[in-house]
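See below for the structure under consideration.
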Amino acid sequence: MGIEEIEILRERAEKFMENGEYLLSKGVLDIAAFNIQQSVELYLKYKLFQIAGDYPKTHSIKRLLKEIGKVTEKIEKVRSFMEENIDGISNLENAYITSHYIPTEFEIREVENMLKLAKKIRSFVDEL
């Protein structure tokens, strides 16, 4: 994958985030949650490619974060971040699964928290 393709990941991550924020403002919570999850997933893959030249083919935010910890040699820092935010990270992962396979409804507060965590994850990996 070249530089142009990897920039597409970053751009898509941005667009998913913007779309998630918009949908949240309109009360379309299930699709907003999915968009926020996709934003985080693609951004983590973008960062991994920047650092390591590749990324695992997974939808798991936990796995992507652990991989970032390995390649940056900051395993303990990432582990600590994950422990502090494990419930929110799990909710983000569940947003992917439920939006595809299980009809479910989200509460506005849940999706607002997902959005806050998505921005927090992004800042965290940018600082590694």
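Residues in the structure tokens are numbered from 1 in each chain, the chains being A, B, ... in the order shown, and ligands are numbered from 1 in the order shown.
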Exercise. Write out as a VMD selection string the residues lying within 10 Å of Phe81 in chain A, counting only C-alpha atoms and excluding same-chain residues fewer than 5 positions away.
Key: chain A and resid 65 75 to 76 86 121 124
Generate a file of the selected residues that holds all heavy atoms, formatted as a CSV table (one decimal), in the first residue's frame.
```
chain,number,residue,atom,x,y,z
A,65,LEU,N,-5.1,-1.3,19.1
A,65,LEU,CA,-4.4,-0.5,20.1
A,65,LEU,C,-3.2,-1.3,20.7
A,65,LEU,O,-2.1,-0.7,20.9
A,65,LEU,CB,-5.3,-0.1,21.3
A,65,LEU,CG,-6.2,1.1,21.0
A,65,LEU,CD1,-7.3,1.2,22.1
A,65,LEU,CD2,-5.5,2.4,20.9
A,75,ILE,N,4.0,-0.5,25.3
A,75,ILE,CA,3.0,-1.5,25.6
A,75,ILE,C,2.3,-1.1,26.9
A,75,ILE,O,1.1,-1.2,27.0
A,75,ILE,CB,3.6,-2.9,25.7
A,75,ILE,CG1,4.1,-3.3,24.3
A,75,ILE,CG2,2.7,-3.9,26.3
A,75,ILE,CD1,4.9,-4.6,24.2
A,76,GLU,N,3.1,-0.8,27.9
A,76,GLU,CA,2.6,-0.5,29.2
A,76,GLU,C,1.7,0.8,29.2
A,76,GLU,O,0.6,0.8,29.8
A,76,GLU,CB,3.7,-0.3,30.3
A,76,GLU,CG,3.2,-0.2,31.7
A,76,GLU,CD,2.3,-1.3,32.2
A,76,GLU,OE1,2.6,-2.5,31.8
A,76,GLU,OE2,1.4,-1.0,32.9
A,86,ILE,N,-11.7,0.7,29.2
A,86,ILE,CA,-12.1,-0.6,28.6
A,86,ILE,C,-13.6,-0.6,28.3
A,86,ILE,O,-14.0,-1.2,27.3
A,86,ILE,CB,-11.6,-1.7,29.5
A,86,ILE,CG1,-11.7,-3.1,28.7
A,86,ILE,CG2,-12.4,-1.8,30.8
A,86,ILE,CD1,-10.9,-3.2,27.5
A,121,ILE,N,-9.0,8.6,22.0
A,121,ILE,CA,-8.1,7.6,21.4
A,121,ILE,C,-7.2,8.2,20.4
A,121,ILE,O,-6.0,8.0,20.3
A,121,ILE,CB,-8.9,6.4,20.8
A,121,ILE,CG1,-9.6,5.6,21.9
A,121,ILE,CG2,-8.1,5.6,19.9
A,121,ILE,CD1,-10.6,4.6,21.4
A,124,PHE,N,-4.5,10.3,22.0
A,124,PHE,CA,-3.6,9.4,22.7
A,124,PHE,C,-2.6,8.8,21.7
A,124,PHE,O,-1.4,8.8,21.9
A,124,PHE,CB,-4.4,8.2,23.4
A,124,PHE,CG,-3.5,7.2,24.0
A,124,PHE,CD1,-2.8,7.5,25.2
A,124,PHE,CD2,-3.4,5.9,23.4
A,124,PHE,CE1,-2.0,6.5,25.7
A,124,PHE,CE2,-2.6,5.0,24.0
A,124,PHE,CZ,-1.9,5.2,25.1
```
Quiz prompt | All residues 6 Å or closer to range 42-58 of chain A, only C-alpha atoms, same chain fewer than 6 positions away omitted, as a ChimeraX atom specification | solution = /A:9-10,13
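Pairwise distance (CA of Glu21 in chain A, CA of Glu41 in chain A) equals 16.0 Å.
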Quiz item: Using only C-alpha atoms, which residues sit within 7 Å of range 27-34 of chain A once same-chain residues fewer than 6 positions away are excluded, as a list in words?
Solution: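 With the cut-off at 7 Å, the set is Gly20, Glu21, Ala95, Tyr96, Ser99, Glu105, Phe106, Ile108 and Val111 of chain A.
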Output the selection as a PDB file, in the first residue's frame - N, CA and C atoms for each residue.
```pdb
ATOM      1  N   GLY A  20     -20.449  10.829  11.803  1.00  0.00           N
ATOM      2  CA  GLY A  20     -20.922  10.391  13.108  1.00  0.00           C
ATOM      3  C   GLY A  20     -21.428  11.557  13.944  1.00  0.00           C
ATOM      4  N   GLU A  21     -20.677  12.656  13.934  1.00  0.00           N
ATOM      5  CA  GLU A  21     -21.100  13.851  14.678  1.00  0.00           C
ATOM      6  C   GLU A  21     -22.414  14.402  14.126  1.00  0.00           C
ATOM      7  N   ALA A  95     -20.490  -1.496  18.792  1.00  0.00           N
ATOM      8  CA  ALA A  95     -21.217  -0.684  17.808  1.00  0.00           C
ATOM      9  C   ALA A  95     -21.028  -1.259  16.409  1.00  0.00           C
ATOM     10  N   TYR A  96     -19.843  -1.770  16.133  1.00  0.00           N
ATOM     11  CA  TYR A  96     -19.609  -2.389  14.821  1.00  0.00           C
ATOM     12  C   TYR A  96     -20.466  -3.642  14.674  1.00  0.00           C
ATOM     13  N   SER A  99     -24.387  -2.956  14.707  1.00  0.00           N
ATOM     14  CA  SER A  99     -24.887  -2.250  13.526  1.00  0.00           C
ATOM     15  C   SER A  99     -24.977  -3.180  12.318  1.00  0.00           C
ATOM     16  N   GLU A 105     -30.870  -0.570  19.895  1.00  0.00           N
ATOM     17  CA  GLU A 105     -31.000   0.877  19.992  1.00  0.00           C
ATOM     18  C   GLU A 105     -29.959   1.400  20.960  1.00  0.00           C
ATOM     19  N   PHE A 106     -29.412   2.538  20.640  1.00  0.00           N
ATOM     20  CA  PHE A 106     -28.452   3.203  21.510  1.00  0.00           C
ATOM     21  C   PHE A 106     -29.129   4.378  22.192  1.00  0.00           C
ATOM     22  N   ILE A 108     -28.656   8.242  23.613  1.00  0.00           N
ATOM     23  CA  ILE A 108     -27.862   9.384  23.156  1.00  0.00           C
ATOM     24  C   ILE A 108     -26.576   9.529  23.981  1.00  0.00           C
ATOM     25  N   VAL A 111     -23.766   7.225  22.765  1.00  0.00           N
ATOM     26  CA  VAL A 111     -23.112   7.650  21.527  1.00  0.00           C
ATOM     27  C   VAL A 111     -22.275   8.910  21.774  1.00  0.00           C
TER      28      VAL A 111
END
```
Exercise. Determine which residues of chain A DSSP labels as alpha helix (DSSP H) from the backbone of this structure, then write them out as a ChimeraX atom specification.
Key: /A:3-26,29-52,61-72,75-84,86-101,108-127
Please provide as a compact mmCIF listing (two decimals) with all heavy atoms, in the first residue's frame all residues within 12 Å of Leu115 in chain A, with the sequence filter that same-chain residues fewer than 3 positions apart are discarded (counting only C-alpha atoms).
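As a result, out-v6.txt now contains:
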```txt
# COMPACT_ATOMS: atom_id res chain seq x y z
N PHE A 16 -15.80 9.68 8.39
CA PHE A 16 -16.65 8.91 9.30
C PHE A 16 -16.90 9.67 10.59
O PHE A 16 -18.00 9.65 11.13
CB PHE A 16 -16.03 7.54 9.60
CG PHE A 16 -16.38 6.46 8.60
CD1 PHE A 16 -15.39 5.86 7.84
CD2 PHE A 16 -17.70 6.04 8.44
CE1 PHE A 16 -15.71 4.86 6.94
CE2 PHE A 16 -18.02 5.04 7.53
CZ PHE A 16 -17.02 4.44 6.77
N MET A 17 -15.88 10.35 11.10
CA MET A 17 -16.04 11.13 12.33
C MET A 17 -17.04 12.27 12.10
O MET A 17 -17.94 12.48 12.91
CB MET A 17 -14.70 11.70 12.81
CG MET A 17 -14.79 12.49 14.10
SD MET A 17 -15.26 11.51 15.53
CE MET A 17 -13.69 10.73 15.86
N GLU A 18 -16.85 13.00 11.03
CA GLU A 18 -17.76 14.10 10.72
C GLU A 18 -19.19 13.59 10.55
O GLU A 18 -20.14 14.20 11.06
CB GLU A 18 -17.32 14.81 9.43
CG GLU A 18 -16.05 15.61 9.58
CD GLU A 18 -15.50 16.11 8.24
OE1 GLU A 18 -16.21 16.01 7.21
OE2 GLU A 18 -14.35 16.57 8.23
N ASN A 19 -19.34 12.49 9.85
CA ASN A 19 -20.66 11.92 9.63
C ASN A 19 -21.27 11.44 10.95
O ASN A 19 -22.46 11.63 11.20
CB ASN A 19 -20.59 10.78 8.62
CG ASN A 19 -21.93 10.49 7.99
OD1 ASN A 19 -22.70 11.39 7.70
ND2 ASN A 19 -22.19 9.22 7.76
N GLY A 20 -20.45 10.83 11.80
CA GLY A 20 -20.92 10.39 13.11
C GLY A 20 -21.43 11.56 13.94
O GLY A 20 -22.48 11.47 14.59
N GLU A 21 -20.68 12.66 13.93
CA GLU A 21 -21.10 13.85 14.68
C GLU A 21 -22.41 14.40 14.13
O GLU A 21 -23.30 14.78 14.89
CB GLU A 21 -20.01 14.92 14.63
CG GLU A 21 -18.80 14.56 15.45
CD GLU A 21 -17.66 15.57 15.32
OE1 GLU A 21 -17.44 16.09 14.20
OE2 GLU A 21 -17.00 15.83 16.33
N TYR A 22 -22.52 14.45 12.81
CA TYR A 22 -23.73 14.95 12.18
C TYR A 22 -24.93 14.07 12.53
O TYR A 22 -26.00 14.57 12.93
CB TYR A 22 -23.56 15.03 10.66
CG TYR A 22 -24.83 15.39 9.94
CD1 TYR A 22 -25.31 16.68 9.94
CD2 TYR A 22 -25.58 14.40 9.29
CE1 TYR A 22 -26.50 17.01 9.29
CE2 TYR A 22 -26.76 14.71 8.65
CZ TYR A 22 -27.22 16.01 8.65
OH TYR A 22 -28.40 16.33 8.03
N LEU A 23 -24.76 12.76 12.38
CA LEU A 23 -25.86 11.84 12.67
C LEU A 23 -26.26 11.88 14.14
O LEU A 23 -27.45 11.81 14.46
CB LEU A 23 -25.48 10.42 12.25
CG LEU A 23 -25.38 10.21 10.74
CD1 LEU A 23 -24.70 8.88 10.43
CD2 LEU A 23 -26.75 10.29 10.08
N LEU A 24 -25.29 12.03 15.02
CA LEU A 24 -25.58 12.19 16.44
C LEU A 24 -26.44 13.43 16.67
O LEU A 24 -27.43 13.39 17.40
CB LEU A 24 -24.28 12.26 17.25
CG LEU A 24 -24.40 12.53 18.74
CD1 LEU A 24 -25.24 11.47 19.45
CD2 LEU A 24 -23.01 12.63 19.36
N SER A 25 -26.09 14.52 16.01
CA SER A 25 -26.86 15.77 16.17
C SER A 25 -28.29 15.62 15.65
O SER A 25 -29.18 16.33 16.10
CB SER A 25 -26.16 16.93 15.46
OG SER A 25 -26.34 16.86 14.05
N LEU A 29 -28.86 7.48 16.06
CA LEU A 29 -27.84 7.02 17.00
C LEU A 29 -27.13 5.74 16.56
O LEU A 29 -25.91 5.62 16.75
CB LEU A 29 -28.46 6.84 18.38
CG LEU A 29 -29.12 8.10 18.95
CD1 LEU A 29 -29.72 7.81 20.31
CD2 LEU A 29 -28.12 9.25 19.03
N ALA A 32 -24.79 6.63 13.75
CA ALA A 32 -23.76 7.51 14.30
C ALA A 32 -22.72 6.68 15.03
O ALA A 32 -21.51 6.87 14.85
CB ALA A 32 -24.37 8.54 15.25
N ALA A 33 -23.16 5.73 15.85
CA ALA A 33 -22.24 4.87 16.59
C ALA A 33 -21.35 4.07 15.63
O ALA A 33 -20.14 3.97 15.84
CB ALA A 33 -23.02 3.92 17.51
N PHE A 34 -21.94 3.53 14.57
CA PHE A 34 -21.17 2.79 13.58
C PHE A 34 -20.11 3.69 12.93
O PHE A 34 -18.96 3.30 12.78
CB PHE A 34 -22.09 2.20 12.51
CG PHE A 34 -21.33 1.62 11.36
CD1 PHE A 34 -20.67 0.41 11.49
CD2 PHE A 34 -21.26 2.29 10.14
CE1 PHE A 34 -19.95 -0.13 10.42
CE2 PHE A 34 -20.55 1.75 9.08
CZ PHE A 34 -19.90 0.54 9.22
N ASN A 35 -20.50 4.89 12.56
CA ASN A 35 -19.56 5.82 11.93
C ASN A 35 -18.41 6.18 12.86
O ASN A 35 -17.26 6.28 12.44
CB ASN A 35 -20.28 7.08 11.46
CG ASN A 35 -20.92 6.91 10.11
OD1 ASN A 35 -20.37 7.30 9.09
ND2 ASN A 35 -22.10 6.30 10.08
N ILE A 36 -18.71 6.37 14.13
CA ILE A 36 -17.67 6.70 15.10
C ILE A 36 -16.71 5.52 15.25
O ILE A 36 -15.49 5.70 15.27
CB ILE A 36 -18.31 7.11 16.45
CG1 ILE A 36 -19.07 8.43 16.27
CG2 ILE A 36 -17.25 7.21 17.54
CD1 ILE A 36 -20.03 8.76 17.41
N GLN A 37 -17.25 4.30 15.32
CA GLN A 37 -16.39 3.11 15.40
C GLN A 37 -15.50 3.02 14.17
O GLN A 37 -14.30 2.75 14.29
CB GLN A 37 -17.26 1.85 15.55
CG GLN A 37 -16.46 0.57 15.71
CD GLN A 37 -15.91 -0.01 14.41
OE1 GLN A 37 -16.44 0.23 13.33
NE2 GLN A 37 -14.83 -0.75 14.52
N GLN A 38 -16.06 3.22 13.01
CA GLN A 38 -15.28 3.13 11.78
C GLN A 38 -14.17 4.19 11.76
O GLN A 38 -13.06 3.92 11.31
CB GLN A 38 -16.18 3.30 10.55
CG GLN A 38 -17.03 2.10 10.26
CD GLN A 38 -16.21 0.94 9.77
OE1 GLN A 38 -15.81 0.86 8.60
NE2 GLN A 38 -15.91 0.01 10.66
N SER A 39 -14.48 5.36 12.25
CA SER A 39 -13.48 6.42 12.31
C SER A 39 -12.28 5.99 13.15
O SER A 39 -11.13 6.17 12.75
CB SER A 39 -14.11 7.69 12.89
OG SER A 39 -13.13 8.68 13.07
N VAL A 40 -12.56 5.43 14.33
CA VAL A 40 -11.48 4.98 15.21
C VAL A 40 -10.69 3.85 14.55
O VAL A 40 -9.46 3.88 14.51
CB VAL A 40 -12.03 4.54 16.58
CG1 VAL A 40 -10.93 3.89 17.42
CG2 VAL A 40 -12.65 5.71 17.31
N GLY A 88 -15.64 1.80 27.46
CA GLY A 88 -15.92 2.58 26.26
C GLY A 88 -15.37 1.94 25.00
O GLY A 88 -16.02 1.96 23.95
N ILE A 89 -14.18 1.35 25.11
CA ILE A 89 -13.60 0.66 23.95
C ILE A 89 -14.47 -0.52 23.56
O ILE A 89 -14.74 -0.75 22.38
CB ILE A 89 -12.14 0.24 24.25
CG1 ILE A 89 -11.25 1.47 24.38
CG2 ILE A 89 -11.62 -0.70 23.16
CD1 ILE A 89 -9.86 1.20 24.95
N ASN A 91 -17.66 -0.78 24.09
CA ASN A 91 -18.87 -0.22 23.47
C ASN A 91 -18.63 0.14 22.01
O ASN A 91 -19.50 -0.08 21.16
CB ASN A 91 -19.37 1.00 24.24
CG ASN A 91 -20.05 0.62 25.54
OD1 ASN A 91 -20.41 -0.53 25.75
ND2 ASN A 91 -20.19 1.59 26.42
N LEU A 92 -17.47 0.71 21.73
CA LEU A 92 -17.15 1.04 20.33
C LEU A 92 -17.09 -0.23 19.49
O LEU A 92 -17.62 -0.26 18.38
CB LEU A 92 -15.81 1.77 20.24
CG LEU A 92 -15.82 3.26 20.48
CD1 LEU A 92 -14.40 3.80 20.56
CD2 LEU A 92 -16.61 3.99 19.40
N ALA A 95 -20.49 -1.50 18.79
CA ALA A 95 -21.22 -0.68 17.81
C ALA A 95 -21.03 -1.26 16.41
O ALA A 95 -21.96 -1.25 15.60
CB ALA A 95 -20.76 0.77 17.86
N ILE A 108 -28.66 8.24 23.61
CA ILE A 108 -27.86 9.38 23.16
C ILE A 108 -26.58 9.53 23.98
O ILE A 108 -25.51 9.82 23.44
CB ILE A 108 -28.68 10.69 23.13
CG1 ILE A 108 -27.90 11.77 22.37
CG2 ILE A 108 -29.06 11.13 24.54
CD1 ILE A 108 -28.74 12.93 21.92
N ARG A 109 -26.67 9.31 25.28
CA ARG A 109 -25.49 9.44 26.15
C ARG A 109 -24.41 8.44 25.76
O ARG A 109 -23.22 8.75 25.80
CB ARG A 109 -25.92 9.26 27.61
CG ARG A 109 -24.84 9.36 28.59
CD ARG A 109 -24.52 10.80 28.83
NE ARG A 109 -23.50 10.86 29.87
CZ ARG A 109 -23.15 11.92 30.47
NH1 ARG A 109 -23.72 13.05 30.17
NH2 ARG A 109 -22.22 11.91 31.38
N GLU A 110 -24.82 7.22 25.37
CA GLU A 110 -23.86 6.21 24.94
C GLU A 110 -23.06 6.69 23.73
O GLU A 110 -21.84 6.55 23.68
CB GLU A 110 -24.56 4.91 24.54
CG GLU A 110 -25.12 4.09 25.65
CD GLU A 110 -25.84 2.88 25.11
OE1 GLU A 110 -26.92 3.04 24.49
OE2 GLU A 110 -25.31 1.76 25.29
N VAL A 111 -23.77 7.22 22.77
CA VAL A 111 -23.11 7.65 21.53
C VAL A 111 -22.28 8.91 21.77
O VAL A 111 -21.19 9.05 21.22
CB VAL A 111 -24.14 7.84 20.39
CG1 VAL A 111 -23.45 8.23 19.10
CG2 VAL A 111 -24.94 6.55 20.18
N GLU A 112 -22.75 9.79 22.62
CA GLU A 112 -21.93 10.96 22.99
C GLU A 112 -20.63 10.50 23.64
O GLU A 112 -19.56 11.06 23.36
CB GLU A 112 -22.71 11.87 23.95
CG GLU A 112 -23.84 12.62 23.30
CD GLU A 112 -24.74 13.34 24.29
OE1 GLU A 112 -24.70 13.03 25.50
OE2 GLU A 112 -25.50 14.23 23.84
N ALA A 118 -13.63 8.41 21.11
CA ALA A 118 -12.98 8.35 19.80
C ALA A 118 -11.95 9.47 19.68
O ALA A 118 -10.82 9.25 19.21
CB ALA A 118 -14.03 8.47 18.69
N LYS A 119 -12.31 10.64 20.12
CA LYS A 119 -11.37 11.78 20.07
C LYS A 119 -10.22 11.58 21.05
O LYS A 119 -9.07 11.93 20.74
CB LYS A 119 -12.13 13.08 20.34
CG LYS A 119 -13.09 13.43 19.21
CD LYS A 119 -13.89 14.68 19.50
CE LYS A 119 -14.83 14.98 18.33
NZ LYS A 119 -15.57 16.22 18.51
N LYS A 120 -10.51 10.99 22.18
CA LYS A 120 -9.48 10.71 23.18
C LYS A 120 -8.48 9.68 22.65
O LYS A 120 -7.27 9.83 22.83
CB LYS A 120 -10.15 10.21 24.46
CG LYS A 120 -9.23 9.99 25.62
CD LYS A 120 -10.05 9.59 26.85
CE LYS A 120 -9.18 9.40 28.06
NZ LYS A 120 -9.96 9.00 29.25
N ILE A 121 -8.98 8.64 21.99
CA ILE A 121 -8.11 7.61 21.41
C ILE A 121 -7.20 8.23 20.36
O ILE A 121 -6.00 7.98 20.33
CB ILE A 121 -8.93 6.45 20.81
CG1 ILE A 121 -9.59 5.64 21.94
CG2 ILE A 121 -8.05 5.56 19.92
CD1 ILE A 121 -10.61 4.61 21.44
N ARG A 122 -7.77 9.03 19.54
CA ARG A 122 -7.00 9.68 18.48
C ARG A 122 -5.87 10.54 19.06
O ARG A 122 -4.72 10.47 18.63
CB ARG A 122 -7.93 10.51 17.62
CG ARG A 122 -7.25 11.10 16.43
CD ARG A 122 -8.25 11.86 15.61
NE ARG A 122 -7.55 12.46 14.53
CZ ARG A 122 -8.00 12.52 13.30
NH1 ARG A 122 -9.16 12.00 13.00
NH2 ARG A 122 -7.30 13.09 12.36
```
